[in-house]
Amino acid sequence: MSQRQIGVTEVALRDAHQSLMATRMATEDMVAACADIDAAGYWSVECWGGATFDSAIRFLNEDPWQRLRTFRELMPNSRLQMLLRGQNLLGYRHYEDMVVDKFVEKSAENGMDVFRVFDALNDPRNLEHAMNAVTKTGKHAQGTICYTVSPLHDTEGYVKLAGRLIDMGAQSLALKDMAALLKPQAAYDVVSAIKAAYPDVQINVHCHATTGVTLVSLMKAIEAGADVVDTAISSMSLGPGHNPTEALVEMLEGTEYTTGLDKDRLGKIRDHFATVRPKYKEFESATLVDTRIFDSQIPGGMLSNMESQLRNQGAADRMQDVMEEVPRVRKDAGYPPLVTPSSQIVGTQAVFNVLMGRYKVMTGEFADLMLGFYGECPGERDPEVIEIAKAQAKKEPISVRPADLLEPEWDKLHEDAAKLEGFDGSDEDVLTNAMFPGVAPGFLASRHEGPKNVGKTDAQLKADAEAAKGNAQAVRGPISYDITLGGRTHHVKVEPA
């Protein structure tokens, strides 16, 4: 039987730990798996972008550019892939076009091959410049459709957006299901419709596992013509993360499809991360399977953030209230897809609404979302909430591409970075500070101290195991905390008496 080759993108080095353990995994816990990942036969290895850049400098004292160079060195035979937030790059605001050009250029120089470019609102105006920048470097520009469900989203609309992305020069398309909302029949319908309209375009499908249905969705997408699917090695899968790589391999056995992945290599990758994952248990989300997400539409990486926000306010018991508030806030904003940064913006506003009353306190980011400063949402925004946003932000709504309002800023960004302790004169340092000006100064000043691993040490893991055998309540080893003061994060370790 002739089998159609299905490519696989392994996400263990990026989205898996972002979704499962708040993006805390240190590079030192990844490097030992790289040789096997490089030889396993993946279509690509997603290893950078998303929230990893922010977490590297905020929590790990790691230079994310060095992480990329390390991966490039250790996986010379792999397509390295990143997630790029269009005009937002990896930050949380829009950047002027020259900054976008510089970031893409430097990412390519440091080893990136595939740029999965998305916009949280699916606004093509926020994607076009970044897509063109990738094309100019000669790298692979993957245009992304953020999948969501609302009264305004349908298969016809997704096909139309696919056409816009192809017109922009997309070499492949990604159907990105960040909240595990893509049900099997919808996966078949959307993929087959895009393939019918554009039969020669490569389609990648990205699903989270949170709702428990999406391994079936991957199968239906493959039957509809999908060319590549995203999975995570089993020891870094499920929960708010992704479907297991090995489960996909086994599911396709005996069918007309094959991944061609090396099972022996997969076993070694699995065993490595099975050893690593317990080190980060304190950062793990409590969510395993939650079909309520079909109503709340909260993506995997957002769940742990909201849980953390509520715990910090002593209101962990209000999580259900927040999950019910999220869709109401989303409707008020015109049904944006929920993915970084829109997910954080809508989620944080929902937390504020539950704790303080609806729109009694409005974040600056949510005001900007309501006023068009992140781009155009699919639907109409609530006029009353727009008025609150106007009063909060003291500005009027806009209808143009947000980046069109930005003045050239590269020279100023370079001047700002040059004043910082630890600045090495590189464009990479300028970009780091541009994206995270509240965190980068502290990181650049302390970078010489080297990376820190916030996961538990072998001694701590051993102490935990001993404690589990005896008094489970006893504190047997040191406990570590990260405390942020004045924009700098301090690592505090408390030893038992």
# chains A, B, ... in the order shown; residues from 1 in each chain; ligands from 1

call {"tool": "residues_around", "arguments": {"residues": "Gln349 in chain A", "least_positions_apart": "6", "cutoff": "9 Å", "atoms": "only C-alpha atoms", "output": "list in words"}}
result
Val326, Val329, Arg358, Tyr359, Val361, Met362, Thr363 and Phe366 of chain A

call {"tool": "select_by_dssp", "arguments": {"residues": "range 152-252 of chain A", "states": "helix (DSSP H, G or I)", "output": "PyMOL selection string"}}
result
chain A and resi 155-167+184-197+214-224+234-236+245-252

call {"tool": "residues_around", "arguments": {"residues": "Gly212 in chain A", "least_positions_apart": "4", "cutoff": "12 Å", "atoms": "only C-alpha atoms", "output": "list in words"}}
result
Ala179, Ala180, Leu181, Leu182, Lys183, Pro184, Cys207, His208, Val216, Ser217, Leu218, Ser237, Leu238, Gly239, Pro240, Gly241, His242, Asn243, Pro244, Thr287, Leu288, Val289, Asp290, Thr291, Arg292, Ile293 and Phe294 of chain A

call {"tool": "atom_distance", "arguments": {"atom1": "CA of Ser44 in chain A", "atom2": "CA of Arg79 in chain A"}}
result
4.7 Å

call {"tool": "select_by_dssp", "arguments": {"residues": "range 155-249 of chain A", "states": "strand (DSSP E or B)", "output": "list of chain:residue names"}}
result
A:Ser172, A:Leu173, A:Ala174, A:Leu175, A:Lys176, A:Asp177, A:Gln202, A:Ile203, A:Asn204, A:Val205, A:His206, A:Cys207, A:His208, A:Val228, A:Val229, A:Asp230, A:Thr231, A:Ala232, A:His242, A:Pro244

call {"tool": "closest_residue", "arguments": {"among": "A:Ile388, A:Cys34, A:Leu338, A:Ala56", "to": "Tyr147 in chain A", "atoms": "only C-alpha atoms"}}
result
A:Leu338

call {"tool": "residues_around", "arguments": {"residues": "Glu324 in chain A", "least_positions_apart": "6", "cutoff": "9 Å", "atoms": "only C-alpha atoms", "output": "VMD selection string"}}
result
chain A and resid 295 to 296 350

call {"tool": "write_last_selection", "arguments": {"atoms": "all heavy atoms", "output": "PDB file, in the first residue's frame"}}
result
ATOM      1  N   ASP A 295     -16.849  26.541  25.687  1.00  0.00           N
ATOM      2  CA  ASP A 295     -17.632  27.743  25.984  1.00  0.00           C
ATOM      3  C   ASP A 295     -16.742  28.946  26.296  1.00  0.00           C
ATOM      4  O   ASP A 295     -16.947  30.037  25.780  1.00  0.00           O
ATOM      5  CB  ASP A 295     -18.582  27.484  27.163  1.00  0.00           C
ATOM      6  CG  ASP A 295     -19.594  26.393  26.846  1.00  0.00           C
ATOM      7  OD1 ASP A 295     -20.133  26.403  25.724  1.00  0.00           O
ATOM      8  OD2 ASP A 295     -19.830  25.541  27.711  1.00  0.00           O
ATOM      9  N   SER A 296     -15.723  28.741  27.149  1.00  0.00           N
ATOM     10  CA  SER A 296     -14.867  29.869  27.544  1.00  0.00           C
ATOM     11  C   SER A 296     -13.833  30.211  26.476  1.00  0.00           C
ATOM     12  O   SER A 296     -13.405  31.355  26.361  1.00  0.00           O
ATOM     13  CB  SER A 296     -14.135  29.539  28.852  1.00  0.00           C
ATOM     14  OG  SER A 296     -13.159  28.532  28.642  1.00  0.00           O
ATOM     15  N   ALA A 350     -11.099  39.989  32.242  1.00  0.00           N
ATOM     16  CA  ALA A 350     -12.124  39.143  32.867  1.00  0.00           C
ATOM     17  C   ALA A 350     -11.839  38.959  34.360  1.00  0.00           C
ATOM     18  O   ALA A 350     -12.760  38.991  35.188  1.00  0.00           O
ATOM     19  CB  ALA A 350     -12.183  37.793  32.158  1.00  0.00           C
TER      20      ALA A 350
END

call {"tool": "residues_around", "arguments": {"residues": "Pro397 in chain A", "least_positions_apart": "5", "cutoff": "9 Å", "atoms": "only C-alpha atoms", "output": "PyMOL selection string"}}
result
chain A and resi 368+370-373+386+390

call {"tool": "closest_residue", "arguments": {"among": "A:Ser192, A:Ser308, A:Ala197, A:Arg4", "to": "Glu253 in chain A", "atoms": "only C-alpha atoms"}}
result
A:Arg4

call {"tool": "residues_around", "arguments": {"residues": "Ser234 in chain A", "least_positions_apart": "5", "cutoff": "7 Å", "atoms": "only C-alpha atoms", "output": "list in words"}}
result
Pro244, Thr245, Glu246 and Arg270 of chain A

call {"tool": "residues_around", "arguments": {"residues": "range 273-283 of chain A", "least_positions_apart": "3", "cutoff": "8 Å", "atoms": "only C-alpha atoms", "output": "PDB file with N, CA and C atoms, in the first residue's frame"}}
result
ATOM      1  N   LEU A  20       2.494  23.803  29.397  1.00  0.00           N
ATOM      2  CA  LEU A  20       2.423  22.904  30.551  1.00  0.00           C
ATOM      3  C   LEU A  20       3.034  23.488  31.811  1.00  0.00           C
ATOM      4  N   MET A  21       4.108  24.266  31.666  1.00  0.00           N
ATOM      5  CA  MET A  21       4.867  24.688  32.846  1.00  0.00           C
ATOM      6  C   MET A  21       5.333  26.129  32.752  1.00  0.00           C
ATOM      7  N   ALA A  22       4.439  26.989  32.261  1.00  0.00           N
ATOM      8  CA  ALA A  22       4.643  28.433  32.273  1.00  0.00           C
ATOM      9  C   ALA A  22       5.969  28.849  31.634  1.00  0.00           C
ATOM     10  N   ARG A  24       8.976  27.697  31.660  1.00  0.00           N
ATOM     11  CA  ARG A  24      10.116  27.822  32.572  1.00  0.00           C
ATOM     12  C   ARG A  24      11.302  26.923  32.224  1.00  0.00           C
ATOM     13  N   MET A  25      11.175  26.060  31.225  1.00  0.00           N
ATOM     14  CA  MET A  25      12.250  25.104  31.007  1.00  0.00           C
ATOM     15  C   MET A  25      13.528  25.791  30.537  1.00  0.00           C
ATOM     16  N   ASP A  29      18.186  21.914  30.117  1.00  0.00           N
ATOM     17  CA  ASP A  29      17.357  20.718  30.213  1.00  0.00           C
ATOM     18  C   ASP A  29      16.853  20.241  28.848  1.00  0.00           C
ATOM     19  N   SER A 235       6.010  12.483  26.890  1.00  0.00           N
ATOM     20  CA  SER A 235       6.340  12.915  28.250  1.00  0.00           C
ATOM     21  C   SER A 235       6.206  14.426  28.438  1.00  0.00           C
ATOM     22  N   MET A 236       5.908  15.150  27.352  1.00  0.00           N
ATOM     23  CA  MET A 236       5.670  16.591  27.413  1.00  0.00           C
ATOM     24  C   MET A 236       4.344  16.922  26.727  1.00  0.00           C
ATOM     25  N   ILE A 269      13.909  10.524  23.178  1.00  0.00           N
ATOM     26  CA  ILE A 269      13.420  11.884  23.476  1.00  0.00           C
ATOM     27  C   ILE A 269      12.408  11.827  24.619  1.00  0.00           C
ATOM     28  N   ARG A 270      11.501  10.846  24.543  1.00  0.00           N
ATOM     29  CA  ARG A 270      10.499  10.659  25.606  1.00  0.00           C
ATOM     30  C   ARG A 270      11.166  10.449  26.950  1.00  0.00           C
ATOM     31  N   VAL A 454      15.332  27.350  37.143  1.00  0.00           N
ATOM     32  CA  VAL A 454      14.344  27.499  38.214  1.00  0.00           C
ATOM     33  C   VAL A 454      13.679  26.170  38.569  1.00  0.00           C
ATOM     34  N   GLY A 455      14.019  25.110  37.827  1.00  0.00           N
ATOM     35  CA  GLY A 455      13.496  23.794  38.176  1.00  0.00           C
ATOM     36  C   GLY A 455      14.198  23.232  39.392  1.00  0.00           C
ATOM     37  N   LYS A 456      13.636  22.195  39.949  1.00  0.00           N
ATOM     38  CA  LYS A 456      14.221  21.587  41.141  1.00  0.00           C
ATOM     39  C   LYS A 456      15.514  20.857  40.794  1.00  0.00           C
ATOM     40  N   THR A 457      16.447  20.878  41.725  1.00  0.00           N
ATOM     41  CA  THR A 457      17.703  20.162  41.545  1.00  0.00           C
ATOM     42  C   THR A 457      17.487  18.671  41.801  1.00  0.00           C
ATOM     43  N   LEU A 461      14.645  16.836  44.155  1.00  0.00           N
ATOM     44  CA  LEU A 461      13.771  15.769  43.681  1.00  0.00           C
ATOM     45  C   LEU A 461      13.900  14.527  44.561  1.00  0.00           C
TER      46      LEU A 461
END

call {"tool": "atom_distance", "arguments": {"atom1": "CA of Met319 in chain A", "atom2": "CA of Asp15 in chain A"}}
result
23.3 Å

call {"tool": "closest_residue", "arguments": {"among": "A:Leu173, A:Val134, A:Ala26, A:Met178", "to": "Leu161 in chain A", "atoms": "only C-alpha atoms"}}
result
A:Leu173
